[in-house]
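Structure file target_21.csv; described as CSV, C-alpha atoms.
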```
chain,number,residue,atom,x,y,z
A,1,MET,CA,0.0,0.0,0.0
A,2,ALA,CA,1.5,3.3,-1.0
A,3,VAL,CA,1.9,6.0,1.5
A,4,PRO,CA,0.5,9.3,0.3
A,5,ILE,CA,3.2,12.0,0.0
A,6,LEU,CA,2.0,15.6,-0.2
A,7,LYS,CA,4.0,18.5,-1.3
A,8,GLN,CA,3.7,21.8,0.7
A,9,SER,CA,5.9,24.5,-0.9
A,10,ARG,CA,9.5,23.2,-0.3
A,11,TYR,CA,8.5,20.4,2.0
A,12,LEU,CA,7.3,16.8,1.5
A,13,ILE,CA,4.8,15.4,4.0
A,14,ALA,CA,4.4,11.6,4.2
A,15,THR,CA,1.5,10.4,6.4
A,16,ILE,CA,1.6,6.7,7.3
A,17,GLN,CA,-2.0,5.6,7.8
A,18,SER,CA,-1.7,2.0,8.9
A,19,ALA,CA,0.9,-0.7,9.7
A,20,LEU,CA,3.3,-1.0,6.8
A,21,SER,CA,5.0,-4.1,5.5
A,22,ASP,CA,8.8,-4.1,5.1
A,23,ALA,CA,8.3,-3.8,1.3
A,24,ASP,CA,6.1,-0.7,1.8
A,25,LEU,CA,8.6,0.9,4.1
A,26,LEU,CA,11.4,0.4,1.5
A,27,SER,CA,9.1,1.8,-1.2
A,28,LEU,CA,8.4,4.9,0.9
A,29,ARG,CA,12.1,5.4,1.4
A,30,ASP,CA,12.7,5.2,-2.3
A,31,SER,CA,9.8,7.5,-3.2
A,32,LEU,CA,10.9,10.2,-0.8
A,33,THR,CA,14.5,10.1,-1.9
A,34,GLU,CA,13.4,10.4,-5.5
A,35,GLN,CA,10.8,13.1,-5.0
A,36,VAL,CA,13.2,15.3,-2.9
A,37,GLY,CA,15.2,15.5,-6.1
A,38,ARG,CA,12.3,16.0,-8.4
A,39,PHE,CA,10.7,18.8,-6.4
A,40,ARG,CA,13.9,20.2,-4.9
A,41,SER,CA,12.5,19.9,-1.5
A,42,ARG,CA,14.3,21.3,1.6
A,43,GLY,CA,12.5,19.2,4.2
A,44,VAL,CA,10.7,15.9,4.7
A,45,ILE,CA,8.2,15.1,7.4
A,46,VAL,CA,7.2,11.5,8.1
A,47,ASP,CA,4.1,11.3,10.3
A,48,VAL,CA,3.8,8.0,12.2
A,49,THR,CA,0.9,9.0,14.4
A,50,ALA,CA,-1.2,6.1,13.2
A,51,LEU,CA,1.5,3.4,14.1
A,52,ASP,CA,1.0,1.3,17.2
A,53,VAL,CA,4.3,-0.3,16.8
A,54,LEU,CA,7.7,0.8,15.5
A,55,ASP,CA,10.0,-2.2,15.3
A,56,SER,CA,13.7,-2.2,14.6
A,57,PHE,CA,13.3,-2.6,10.8
A,58,ALA,CA,10.9,0.4,10.7
A,59,SER,CA,13.2,2.5,12.8
A,60,ARG,CA,16.2,1.6,10.7
A,61,THR,CA,14.3,2.5,7.6
A,62,LEU,CA,13.3,5.8,9.1
A,63,ARG,CA,17.0,6.5,9.8
A,64,ASP,CA,17.9,5.5,6.2
A,65,ILE,CA,15.3,7.9,4.9
A,66,ALA,CA,16.8,10.7,7.0
A,67,HIS,CA,20.3,9.9,5.8
A,68,MET,CA,19.5,9.4,2.2
A,69,VAL,CA,17.3,12.5,2.0
A,70,ARG,CA,20.0,14.6,3.7
A,71,LEU,CA,22.5,13.5,1.0
A,72,ARG,CA,20.0,14.8,-1.5
A,73,GLY,CA,19.9,18.2,0.3
A,74,ALA,CA,16.9,18.0,2.7
A,75,GLU,CA,16.3,17.6,6.4
A,76,THR,CA,13.9,15.0,7.8
A,77,VAL,CA,11.7,15.2,10.9
A,78,ILE,CA,9.8,12.2,12.3
A,79,VAL,CA,6.6,13.3,14.0
A,80,GLY,CA,3.7,11.7,15.9
A,81,ILE,CA,5.5,8.9,17.9
A,82,GLN,CA,2.9,7.9,20.5
A,83,PRO,CA,3.9,7.7,24.2
A,84,GLU,CA,3.4,3.9,24.4
A,85,VAL,CA,5.4,3.4,21.2
A,86,ALA,CA,8.2,5.7,22.4
A,87,PHE,CA,8.5,3.8,25.7
A,88,ALA,CA,8.5,0.4,23.9
A,89,MET,CA,11.2,1.6,21.6
A,90,VAL,CA,13.6,2.9,24.2
A,91,GLN,CA,13.2,-0.3,26.2
A,92,LEU,CA,14.4,-2.2,23.2
A,93,GLY,CA,17.3,0.2,22.8
A,94,ILE,CA,15.9,1.8,19.6
A,95,THR,CA,16.4,5.5,20.0
A,96,LEU,CA,16.5,7.0,16.5
A,97,GLU,CA,19.5,9.0,17.8
A,98,ASP,CA,20.6,11.1,14.9
A,99,VAL,CA,17.1,11.7,13.5
A,100,ALA,CA,15.1,14.8,14.4
A,101,THR,CA,11.8,14.2,16.1
A,102,ALA,CA,8.8,16.4,17.0
A,103,LEU,CA,5.5,15.9,18.6
A,104,ASP,CA,3.2,16.5,15.6
A,105,LEU,CA,3.0,18.0,12.2
A,106,GLU,CA,2.8,21.6,13.4
A,107,GLU,CA,5.9,21.1,15.5
A,108,GLY,CA,7.7,19.3,12.8
A,109,LEU,CA,7.1,22.2,10.3
A,110,ALA,CA,8.3,24.7,12.9
A,111,CYS,CA,11.4,22.5,13.4
A,112,LEU,CA,12.1,22.5,9.7
A,113,ASP,CA,11.6,26.2,9.4
A,114,LYS,CA,14.1,26.8,12.2
A,115,LYS,CA,16.6,24.5,10.5
A,116,LYS,CA,16.2,26.3,7.3
A,117,LEU,CA,16.9,29.6,9.0
A,118,ASN,CA,19.9,28.2,10.8
A,119,SER,CA,21.5,26.8,7.7
A,120,GLY,CA,21.2,30.2,6.1
A,121,ARG,CA,19.8,28.9,2.8
A,122,HIS,CA,16.8,30.4,1.1
B,1,MET,CA,-24.1,-41.4,57.2
B,2,LYS,CA,-25.2,-42.0,53.7
B,3,GLU,CA,-25.1,-39.0,51.4
B,4,ALA,CA,-28.8,-39.1,50.6
B,5,ASP,CA,-29.6,-39.1,54.3
B,6,GLU,CA,-27.3,-36.2,54.9
B,7,LYS,CA,-29.0,-34.2,52.1
B,8,ASP,CA,-32.4,-34.9,53.7
B,9,LEU,CA,-31.1,-33.9,57.1
B,10,LEU,CA,-29.6,-30.7,55.7
B,11,ARG,CA,-32.9,-29.8,54.1
B,12,GLU,CA,-34.7,-30.3,57.4
B,13,LEU,CA,-32.2,-28.0,59.2
B,14,VAL,CA,-32.5,-25.3,56.5
B,15,ALA,CA,-36.3,-25.5,56.8
B,16,HIS,CA,-36.0,-25.1,60.6
B,17,LEU,CA,-33.7,-22.1,60.3
B,18,ARG,CA,-36.0,-20.5,57.8
B,19,GLN,CA,-39.0,-21.1,59.9
B,20,HIS,CA,-37.5,-19.4,62.9
B,21,ARG,CA,-35.6,-16.8,61.1
B,22,THR,CA,-37.2,-13.8,62.8
B,23,GLU,CA,-36.3,-14.8,66.3
B,24,LEU,CA,-32.9,-16.2,65.4
B,25,ARG,CA,-32.0,-12.9,63.6
B,26,GLU,CA,-33.0,-10.9,66.6
B,27,GLU,CA,-31.0,-13.1,68.9
B,28,TRP,CA,-28.0,-12.6,66.6
B,29,ALA,CA,-28.4,-8.9,66.4
B,30,ARG,CA,-28.7,-8.8,70.2
B,31,ARG,CA,-25.4,-10.8,70.6
B,32,ILE,CA,-23.7,-8.5,68.1
B,33,THR,CA,-24.6,-5.4,70.2
B,34,ASP,CA,-23.6,-7.2,73.4
B,35,ALA,CA,-20.2,-8.1,72.0
B,36,LYS,CA,-19.9,-4.4,71.0
B,37,LEU,CA,-19.3,-5.2,67.4
B,38,LEU,CA,-20.2,-3.0,64.4
B,39,THR,CA,-20.2,0.0,66.6
B,40,ALA,CA,-19.7,2.1,63.5
B,41,MET,CA,-23.2,1.2,62.4
B,42,SER,CA,-26.7,2.0,63.8
B,43,ARG,CA,-29.1,-0.6,65.1
B,44,GLU,CA,-31.3,-0.1,62.1
B,45,GLU,CA,-28.4,-0.6,59.7
B,46,ILE,CA,-27.2,-3.7,61.5
B,47,PHE,CA,-30.7,-5.2,61.3
B,48,ALA,CA,-31.1,-4.4,57.6
B,49,GLU,CA,-27.7,-6.0,56.8
B,50,ALA,CA,-28.5,-8.9,59.2
B,51,THR,CA,-31.5,-9.9,57.2
B,52,SER,CA,-29.6,-10.3,54.0
B,53,VAL,CA,-26.6,-12.0,55.6
B,54,TYR,CA,-28.9,-14.4,57.3
B,55,ASN,CA,-30.7,-15.3,54.1
B,56,ASN,CA,-27.4,-15.7,52.2
B,57,TYR,CA,-26.1,-17.9,55.0
B,58,VAL,CA,-29.0,-20.2,55.0
B,59,GLU,CA,-29.1,-20.4,51.2
B,60,ALA,CA,-25.4,-21.3,51.2
B,61,LEU,CA,-26.2,-24.1,53.7
B,62,GLU,CA,-29.0,-25.3,51.4
B,63,THR,CA,-27.2,-25.2,48.1
B,64,GLY,CA,-23.8,-26.2,49.3
B,65,THR,CA,-22.3,-23.7,46.8
B,66,LEU,CA,-20.3,-20.7,48.0
B,67,GLU,CA,-20.0,-18.5,44.9
B,68,THR,CA,-23.1,-16.5,45.5
B,69,LEU,CA,-22.1,-16.1,49.2
B,70,HIS,CA,-18.6,-15.0,48.2
B,71,ALA,CA,-19.9,-12.4,45.8
B,72,TYR,CA,-22.3,-11.2,48.4
B,73,ALA,CA,-19.5,-11.0,51.0
B,74,ARG,CA,-17.4,-8.9,48.7
B,75,ASN,CA,-20.3,-6.6,47.9
B,76,LEU,CA,-21.2,-6.2,51.6
B,77,SER,CA,-17.5,-5.5,52.4
B,78,GLU,CA,-17.3,-2.9,49.7
B,79,ARG,CA,-20.2,-1.1,51.6
B,80,ILE,CA,-19.0,-1.5,55.1
B,81,ILE,CA,-15.3,-1.0,54.8
B,82,PRO,CA,-15.6,2.8,54.2
B,83,ARG,CA,-17.7,2.9,57.4
B,84,GLY,CA,-14.7,1.7,59.3
B,85,VAL,CA,-15.7,-1.9,60.0
B,86,GLU,CA,-12.6,-4.1,60.8
B,87,THR,CA,-11.7,-7.7,60.0
B,88,HIS,CA,-12.2,-9.0,63.6
B,89,GLU,CA,-15.7,-7.5,63.6
B,90,VAL,CA,-16.8,-9.3,60.4
B,91,VAL,CA,-15.3,-12.6,61.5
B,92,GLY,CA,-16.9,-12.1,64.9
B,93,ILE,CA,-20.4,-11.6,63.6
B,94,VAL,CA,-20.3,-14.5,61.3
B,95,LEU,CA,-19.1,-16.8,64.1
B,96,LEU,CA,-21.8,-15.4,66.3
B,97,LEU,CA,-24.4,-16.3,63.7
B,98,ARG,CA,-22.9,-19.8,63.4
B,99,ASP,CA,-23.3,-20.2,67.2
B,100,VAL,CA,-26.8,-18.8,67.3
B,101,LEU,CA,-27.9,-21.3,64.7
B,102,ALA,CA,-26.0,-24.1,66.3
B,103,ARG,CA,-27.7,-23.4,69.7
B,104,SER,CA,-31.1,-23.4,68.0
B,105,LEU,CA,-30.3,-26.8,66.5
B,106,PHE,CA,-29.1,-28.1,69.9
B,107,ALA,CA,-32.4,-27.0,71.4
B,108,LYS,CA,-34.5,-28.7,68.7
B,109,TYR,CA,-32.7,-32.1,68.6
B,110,GLN,CA,-31.5,-32.4,72.2
B,111,GLY,CA,-33.9,-35.2,72.9
B,112,ASP,CA,-32.2,-37.6,70.5
B,113,PHE,CA,-28.4,-37.7,71.1
B,114,LYS,CA,-27.7,-39.8,68.0
B,115,LEU,CA,-29.7,-37.6,65.8
B,116,LEU,CA,-28.1,-34.5,67.3
B,117,ASN,CA,-24.7,-35.9,66.3
B,118,ARG,CA,-25.8,-36.5,62.8
B,119,VAL,CA,-27.2,-32.9,62.7
B,120,LEU,CA,-23.9,-31.5,63.8
B,121,ASP,CA,-22.0,-33.7,61.4
B,122,ALA,CA,-24.1,-32.1,58.6
B,123,TYR,CA,-24.1,-28.6,59.9
B,124,GLU,CA,-20.6,-27.9,61.2
B,125,PRO,CA,-18.4,-28.4,58.1
B,126,ALA,CA,-20.9,-26.3,56.1
B,127,ALA,CA,-21.0,-23.6,58.7
B,128,ASN,CA,-17.2,-23.5,58.9
B,129,ARG,CA,-16.9,-23.2,55.1
B,130,ILE,CA,-19.3,-20.3,55.2
B,131,ALA,CA,-17.4,-18.5,57.9
B,132,ASN,CA,-14.2,-19.0,55.9
B,133,THR,CA,-15.8,-17.7,52.7
B,134,VAL,CA,-17.1,-14.5,54.3
B,135,ALA,CA,-13.8,-13.8,56.0
B,136,VAL,CA,-11.8,-14.3,52.9
B,137,GLY,CA,-14.2,-12.2,50.9
B,138,PHE,CA,-13.9,-9.4,53.3
B,139,VAL,CA,-10.1,-9.5,53.3
B,140,GLN,CA,-9.9,-9.6,49.5
B,141,GLU,CA,-12.1,-6.6,49.3
B,142,ARG,CA,-9.9,-4.7,51.8
B,143,GLU,CA,-6.8,-5.6,49.9
B,144,ARG,CA,-8.4,-4.3,46.7
B,145,ILE,CA,-9.2,-1.0,48.3
B,146,ILE,CA,-5.7,-0.7,49.7
B,147,ARG,CA,-4.3,-1.3,46.3
B,148,GLU,CA,-6.5,1.4,44.8
B,149,GLN,CA,-5.5,3.9,47.5
B,150,GLN,CA,-1.9,3.2,46.9
B,151,GLU,CA,-2.4,3.8,43.2
B,152,ALA,CA,-4.2,7.1,43.9
B,153,LEU,CA,-1.4,8.1,46.3
B,154,ARG,CA,1.3,7.3,43.7
B,155,GLU,CA,-0.4,9.4,41.1
B,156,LEU,CA,-0.8,12.3,43.5
B,157,SER,CA,2.8,12.3,44.4
B,158,THR,CA,4.2,12.7,40.9
B,159,PRO,CA,2.4,15.7,39.3
B,160,VAL,CA,3.4,17.0,36.0
B,161,LEU,CA,3.2,20.8,36.1
B,162,GLN,CA,3.3,23.3,33.3
B,163,VAL,CA,5.1,26.5,34.4
B,164,ARG,CA,5.4,28.2,31.0
B,165,GLU,CA,4.1,27.6,27.5
B,166,ARG,CA,5.8,24.4,26.4
B,167,LEU,CA,7.7,24.0,29.7
B,168,LEU,CA,6.8,21.2,32.1
B,169,ILE,CA,8.3,20.5,35.5
B,170,LEU,CA,8.2,17.1,37.1
B,171,PRO,CA,9.3,17.4,40.8
B,172,ILE,CA,10.0,14.0,42.2
B,173,ILE,CA,10.1,13.5,46.0
B,174,GLY,CA,10.7,10.4,48.1
B,175,VAL,CA,11.5,6.9,47.2
B,176,ILE,CA,11.3,5.7,43.6
B,177,ASP,CA,10.9,2.1,43.0
B,178,SER,CA,10.6,0.5,39.6
B,179,GLN,CA,6.9,0.6,39.6
B,180,ARG,CA,6.8,4.3,40.5
B,181,ALA,CA,9.4,5.1,37.9
B,182,ARG,CA,7.4,3.4,35.3
B,183,GLN,CA,4.3,5.3,36.3
B,184,LEU,CA,6.2,8.5,36.3
B,185,THR,CA,7.3,7.9,32.7
B,186,GLU,CA,3.8,7.2,31.5
B,187,GLN,CA,2.5,10.3,33.2
B,188,LEU,CA,5.3,12.4,31.8
B,189,LEU,CA,4.9,11.2,28.2
B,190,ARG,CA,1.2,11.8,28.4
B,191,GLY,CA,1.8,15.2,29.8
B,192,ILE,CA,4.2,16.1,27.0
B,193,ARG,CA,1.7,15.2,24.4
B,194,ALA,CA,-1.2,16.9,26.2
B,195,ASN,CA,0.7,20.2,26.8
B,196,ARG,CA,2.8,20.0,23.7
B,197,ALA,CA,5.9,20.6,25.8
B,198,ARG,CA,9.2,21.2,24.2
B,199,VAL,CA,11.2,21.2,27.4
B,200,VAL,CA,10.8,19.2,30.6
B,201,VAL,CA,12.7,19.8,33.8
B,202,ILE,CA,12.8,16.7,36.0
B,203,ASP,CA,13.9,17.7,39.5
B,204,ILE,CA,15.2,15.0,41.7
B,205,THR,CA,16.3,17.1,44.7
B,206,GLY,CA,13.9,15.3,46.8
B,207,VAL,CA,15.2,11.8,45.9
B,208,ALA,CA,18.0,10.6,48.2
B,209,ALA,CA,19.1,7.6,46.2
B,210,MET,CA,18.2,5.4,43.4
B,211,ASP,CA,19.4,2.0,42.4
B,212,SER,CA,20.8,1.3,39.0
B,213,SER,CA,17.6,0.0,37.5
B,214,VAL,CA,15.8,3.2,38.4
B,215,ALA,CA,18.7,5.2,37.1
B,216,ASN,CA,18.5,3.3,33.8
B,217,HIS,CA,14.8,4.0,33.7
B,218,LEU,CA,15.5,7.7,34.1
B,219,VAL,CA,17.7,7.5,31.0
B,220,LEU,CA,15.0,5.7,29.1
B,221,THR,CA,12.5,8.4,30.1
B,222,VAL,CA,14.8,11.1,28.7
B,223,GLU,CA,15.1,9.2,25.4
B,224,ALA,CA,11.4,8.5,25.1
B,225,SER,CA,10.7,12.1,25.8
B,226,ARG,CA,13.0,13.1,23.0
B,227,LEU,CA,11.1,10.8,20.6
B,228,LEU,CA,8.0,13.0,21.4
B,229,GLY,CA,10.0,16.1,20.5
B,230,ALA,CA,10.8,17.3,24.1
B,231,ALA,CA,14.2,18.0,25.5
B,232,VAL,CA,14.8,16.9,29.1
B,233,ILE,CA,16.9,18.7,31.7
B,234,VAL,CA,17.5,16.8,35.0
B,235,THR,CA,18.2,18.9,38.0
B,236,GLY,CA,19.0,18.4,41.7
B,237,LEU,CA,21.2,15.3,41.5
B,238,SER,CA,22.7,14.4,44.9
B,239,PRO,CA,26.3,13.3,45.1
B,240,GLU,CA,25.1,9.7,45.7
B,241,ILE,CA,23.0,9.7,42.6
B,242,ALA,CA,25.7,11.3,40.5
B,243,GLN,CA,28.0,8.5,41.6
B,244,THR,CA,25.4,5.9,40.7
B,245,LEU,CA,25.0,7.3,37.2
B,246,VAL,CA,28.7,7.4,36.6
B,247,ARG,CA,29.1,3.8,38.0
B,248,ILE,CA,26.4,2.3,35.7
B,249,GLY,CA,28.1,4.0,32.8
B,250,VAL,CA,25.3,6.3,31.7
B,251,ASN,CA,26.1,8.1,28.5
B,252,LEU,CA,26.3,11.5,29.9
B,253,GLY,CA,26.1,13.0,26.5
B,254,LYS,CA,22.5,11.9,26.4
B,255,MET,CA,21.6,13.5,29.8
B,256,HIS,CA,21.4,17.3,30.1
B,257,THR,CA,21.8,18.1,33.8
B,258,VAL,CA,21.9,21.3,35.7
B,259,GLY,CA,22.7,21.7,39.5
B,260,ASP,CA,19.5,22.9,40.8
B,261,LEU,CA,15.9,23.6,39.8
B,262,GLN,CA,16.4,27.3,39.4
B,263,GLY,CA,19.3,26.7,37.1
B,264,GLY,CA,17.2,24.2,35.2
B,265,ILE,CA,14.3,26.5,34.7
B,266,GLU,CA,16.6,29.3,33.5
B,267,GLU,CA,18.2,26.9,31.1
B,268,ALA,CA,14.9,25.7,29.8
B,269,GLU,CA,13.7,29.3,29.3
B,270,ARG,CA,16.8,30.0,27.3
B,271,VAL,CA,16.1,27.0,25.1
B,272,LEU,CA,12.6,28.1,24.5
B,273,GLY,CA,13.7,31.7,23.7
B,274,TYR,CA,12.5,33.5,26.9
B,275,LYS,CA,14.5,36.0,28.7
B,276,VAL,CA,13.3,37.0,32.2
B,277,VAL,CA,14.3,40.5,33.4
B,278,PRO,CA,13.3,42.5,36.5
B,279,ILE,CA,10.7,45.1,35.8
B,280,ALA,CA,12.8,47.9,37.3
B,281,GLU,CA,15.7,47.3,35.0
B,282,SER,CA,13.6,47.4,31.9
B,283,SER,CA,11.8,50.6,32.8
B,284,GLU,CA,15.1,52.3,33.6
B,285,ARG,CA,16.2,51.5,30.0
B,286,ALA,CA,13.0,53.0,28.7
```

Could you spell out this file's structure in structure tokens?
Amino acid sequence: MAVPILKQSRYLIATIQSALSDADLLSLRDSLTEQVGRFRSRGVIVDVTALDVLDSFASRTLRDIAHMVRLRGAETVIVGIQPEVAFAMVQLGITLEDVATALDLEEGLACLDKKKLNSGRH
Amino acid sequence: MKEADEKDLLRELVAHLRQHRTELREEWARRITDAKLLTAMSREEIFAEATSVYNNYVEALETGTLETLHAYARNLSERIIPRGVETHEVVGIVLLLRDVLARSLFAKYQGDFKLLNRVLDAYEPAANRIANTVAVGFVQERERIIREQQEALRELSTPVLQVRERLLILPIIGVIDSQRARQLTEQLLRGIRANRARVVVIDITGVAAMDSSVANHLVLTVEASRLLGAAVIVTGLSPEIAQTLVRIGVNLGKMHTVGDLQGGIEEAERVLGYKVVPIAESSERA
């Protein structure tokens, strides 16, 4: 099942709406990486509000998205991790260390705006 | 004694106890008052409860099954425990009822010694099981209430407080065990989401010591908070706790700490972009 990716000016917003198979996750990763180049996006938001579970494969793929997208010139913010999911993740030692996170879409956009300002690009 | 005979006998006893229920209940209520039990309840209340206890007791004798009685005992306990009724009172009144009914059976069958023996053989084990069931039901209900109160107390003692837009404080006081630590984390994460907090100051000035599992839990809490987009500042670490954290090898890069609560709040305000200046100073400039 394809994850809908919306374009909002220089940002891409991918909203995950239900549990994804491993193949779907990889497909999302590839779509985002490709579209960042096509639309010359500066930022990507991946919204995982609807996920009850974030296993190690999903977390690794989210990290891969962040890294690959950064290589293509954009920052990524993961938003909407639920409290129960966050707790389960840290207990398993999955911390998404080098990936930016925010509470929800609004916070994620604010975070990207700040990063854009800090990096001095327009 | 053959089982069929015992069943017939039991039916006869139950019929007798039902027939004389009014006078036996009054005798029982009198004994309860004489023994100074259930002082928390009025005579009218005792009599009202006595009626349903008596009926349940006799029914349990008749059917030989204790589930209904057990459920009734817990229900009754739920009502009387908040009134201050104690375990020894509940056990006491059930035993008094057992005695009152036994005496009544003595009086009825005293003419025939052999029959009296058979009557007691049928009555005593059943009566003891009943007393046991009621006592256990009462104690179970008490334990349930105590657990609920402990839970309520725990939640009270770890409030998550918002002191500025996007800034939460979690002041922890007292002993943290693993269960409390877990509850703390759940409350904090829910609070971060509800208040859309971007910074949390966890103050542990009031915590004397923590073992390594709780210290690890604190680290997990910091990491989980970050996943929800909130930065955590820990303040008020005692020398003992600082030592524990170093000993268990906590990655201090992950933990942002400040000496005291004041410093922690000032740091949090900085992160959020606030600057607090005295009013006099700003009006001088103007």

Q: Please determine the contact residues of chain A with respect to chain B at a cut-off of 10 Å, counting only C-alpha atoms, and supply them as a ChimeraX atom specification.
A: /A:77-97,99-104,107-108,111

So that I have them on file, write out the residues from the current selection with C-alpha atoms, as a short mmCIF file (atom, residue, chain, number, x, y, z; two decimals), keeping the file's coordinate frame.
```
data_model
loop_
_atom_site.label_atom_id
_atom_site.label_comp_id
_atom_site.auth_asym_id
_atom_site.auth_seq_id
_atom_site.Cartn_x
_atom_site.Cartn_y
_atom_site.Cartn_z
CA VAL A 77 11.70 15.20 10.90
CA ILE A 78 9.80 12.20 12.30
CA VAL A 79 6.60 13.30 14.00
CA GLY A 80 3.70 11.70 15.90
CA ILE A 81 5.50 8.90 17.90
CA GLN A 82 2.90 7.90 20.50
CA PRO A 83 3.90 7.70 24.20
CA GLU A 84 3.40 3.90 24.40
CA VAL A 85 5.40 3.40 21.20
CA ALA A 86 8.20 5.70 22.40
CA PHE A 87 8.50 3.80 25.70
CA ALA A 88 8.50 0.40 23.90
CA MET A 89 11.20 1.60 21.60
CA VAL A 90 13.60 2.90 24.20
CA GLN A 91 13.20 -0.30 26.20
CA LEU A 92 14.40 -2.20 23.20
CA GLY A 93 17.30 0.20 22.80
CA ILE A 94 15.90 1.80 19.60
CA THR A 95 16.40 5.50 20.00
CA LEU A 96 16.50 7.00 16.50
CA GLU A 97 19.50 9.00 17.80
CA VAL A 99 17.10 11.70 13.50
CA ALA A 100 15.10 14.80 14.40
CA THR A 101 11.80 14.20 16.10
CA ALA A 102 8.80 16.40 17.00
CA LEU A 103 5.50 15.90 18.60
CA ASP A 104 3.20 16.50 15.60
CA GLU A 107 5.90 21.10 15.50
CA GLY A 108 7.70 19.30 12.80
CA CYS A 111 11.40 22.50 13.40
#
```

Q | Top pick for closest residue to Ala14 of chain A, considering A:Asn118, A:Thr61, A:Phe39, A:Ala2 and counting all atoms listed in the file | A |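 That would be A:Ala2, the residue with the smallest distance to Ala14 of chain A.
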
Q: Work out how far apart atom CA of Val91 of chain B and atom CA of Ala131 of chain B are and give it in Å to one decimal.
A: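 These atoms are spaced 7.2 Å apart.
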
Q. Contacts of Gln17 of chain A at 8 Å or less, counting only C-alpha atoms, minus same-chain residues fewer than 6 places along, as a ChimeraX atom specification?
A. /A:3,48-51

Residues within 8 Å of Arg83 of chain B, all atoms listed in the file, excluding chain neighbours under 3 positions, as a PDB file with C-alpha atoms, in the coordinates of the input:
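So the final result, stored in selection_38.pdb, reads:
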```pdb
ATOM      1  CA  ALA B  40     -19.700   2.100  63.500  1.00  0.00           C
ATOM      2  CA  MET B  41     -23.200   1.200  62.400  1.00  0.00           C
ATOM      3  CA  ARG B  79     -20.200  -1.100  51.600  1.00  0.00           C
ATOM      4  CA  ILE B  80     -19.000  -1.500  55.100  1.00  0.00           C
TER       5      ILE B  80
END
```

Mind checking which residues fall within 9 Å of segment 260-266 of chain B, counting only C-alpha atoms, ignoring those fewer than 6 positions away in the same chain, and posting them as a PDB file with C-alpha atoms, in the frame of the given file?
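This is the output file out_36.pdb:
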```pdb
ATOM      1  CA  LEU B 167       7.700  24.000  29.700  1.00  0.00           C
ATOM      2  CA  ILE B 169       8.300  20.500  35.500  1.00  0.00           C
ATOM      3  CA  VAL B 201      12.700  19.800  33.800  1.00  0.00           C
ATOM      4  CA  ILE B 202      12.800  16.700  36.000  1.00  0.00           C
ATOM      5  CA  ASP B 203      13.900  17.700  39.500  1.00  0.00           C
ATOM      6  CA  ILE B 204      15.200  15.000  41.700  1.00  0.00           C
ATOM      7  CA  THR B 205      16.300  17.100  44.700  1.00  0.00           C
ATOM      8  CA  ILE B 233      16.900  18.700  31.700  1.00  0.00           C
ATOM      9  CA  VAL B 234      17.500  16.800  35.000  1.00  0.00           C
ATOM     10  CA  THR B 235      18.200  18.900  38.000  1.00  0.00           C
ATOM     11  CA  GLY B 236      19.000  18.400  41.700  1.00  0.00           C
ATOM     12  CA  LEU B 237      21.200  15.300  41.500  1.00  0.00           C
ATOM     13  CA  TYR B 274      12.500  33.500  26.900  1.00  0.00           C
ATOM     14  CA  LYS B 275      14.500  36.000  28.700  1.00  0.00           C
ATOM     15  CA  VAL B 276      13.300  37.000  32.200  1.00  0.00           C
TER      16      VAL B 276
END
```

Q. Expressed in Å to a single decimal, how great is the separation between atom CA of Pro159 of chain B and atom CA of Glu267 of chain B?
A. 21.0 Å

Q) B:Arg11, B:Arg43, B:Arg18, B:His70: which is nearest Val136 of chain B, counting only C-alpha atoms? A) B:His70

Q: Find, counting all atoms listed in the file, the residue in A:Leu71, A:Leu105, A:Ala66, A:Ala58 that gets nearest to Asp24 of chain A.
A: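 Closest to Asp24 of chain A of all the choices is A:Ala58.
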
Q) Which residues, protein or nucleic acid, reach to within 10 Å of (-16.3, -16.7, 52.3) in the file's coordinates when using only C-alpha atoms, and can you give that as a ChimeraX atom specification? A) /B:66-74,128-140

Q | Interatomic distance (Å, one decimal) between atom CA of Ala23 of chain A and atom CA of Arg70 of chain A | A |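 Separation of atom CA of Ala23 of chain A and atom CA of Arg70 of chain A: 21.9 Å.
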
For Pro4 of chain A, find every residue with an atom within 12 Å (counting only C-alpha atoms), except residues of its own chain fewer than 4 positions away, and show them as a compact mmCIF listing (two decimals) with C-alpha atoms, keeping the file's coordinate frame.
```
# COMPACT_ATOMS: atom_id res chain seq x y z
CA LEU A 12 7.30 16.80 1.50
CA ILE A 13 4.80 15.40 4.00
CA ALA A 14 4.40 11.60 4.20
CA THR A 15 1.50 10.40 6.40
CA ILE A 16 1.60 6.70 7.30
CA GLN A 17 -2.00 5.60 7.80
CA SER A 18 -1.70 2.00 8.90
CA ASP A 24 6.10 -0.70 1.80
CA SER A 27 9.10 1.80 -1.20
CA LEU A 28 8.40 4.90 0.90
CA SER A 31 9.80 7.50 -3.20
CA LEU A 32 10.90 10.20 -0.80
CA ILE A 45 8.20 15.10 7.40
CA VAL A 46 7.20 11.50 8.10
CA ASP A 47 4.10 11.30 10.30
```
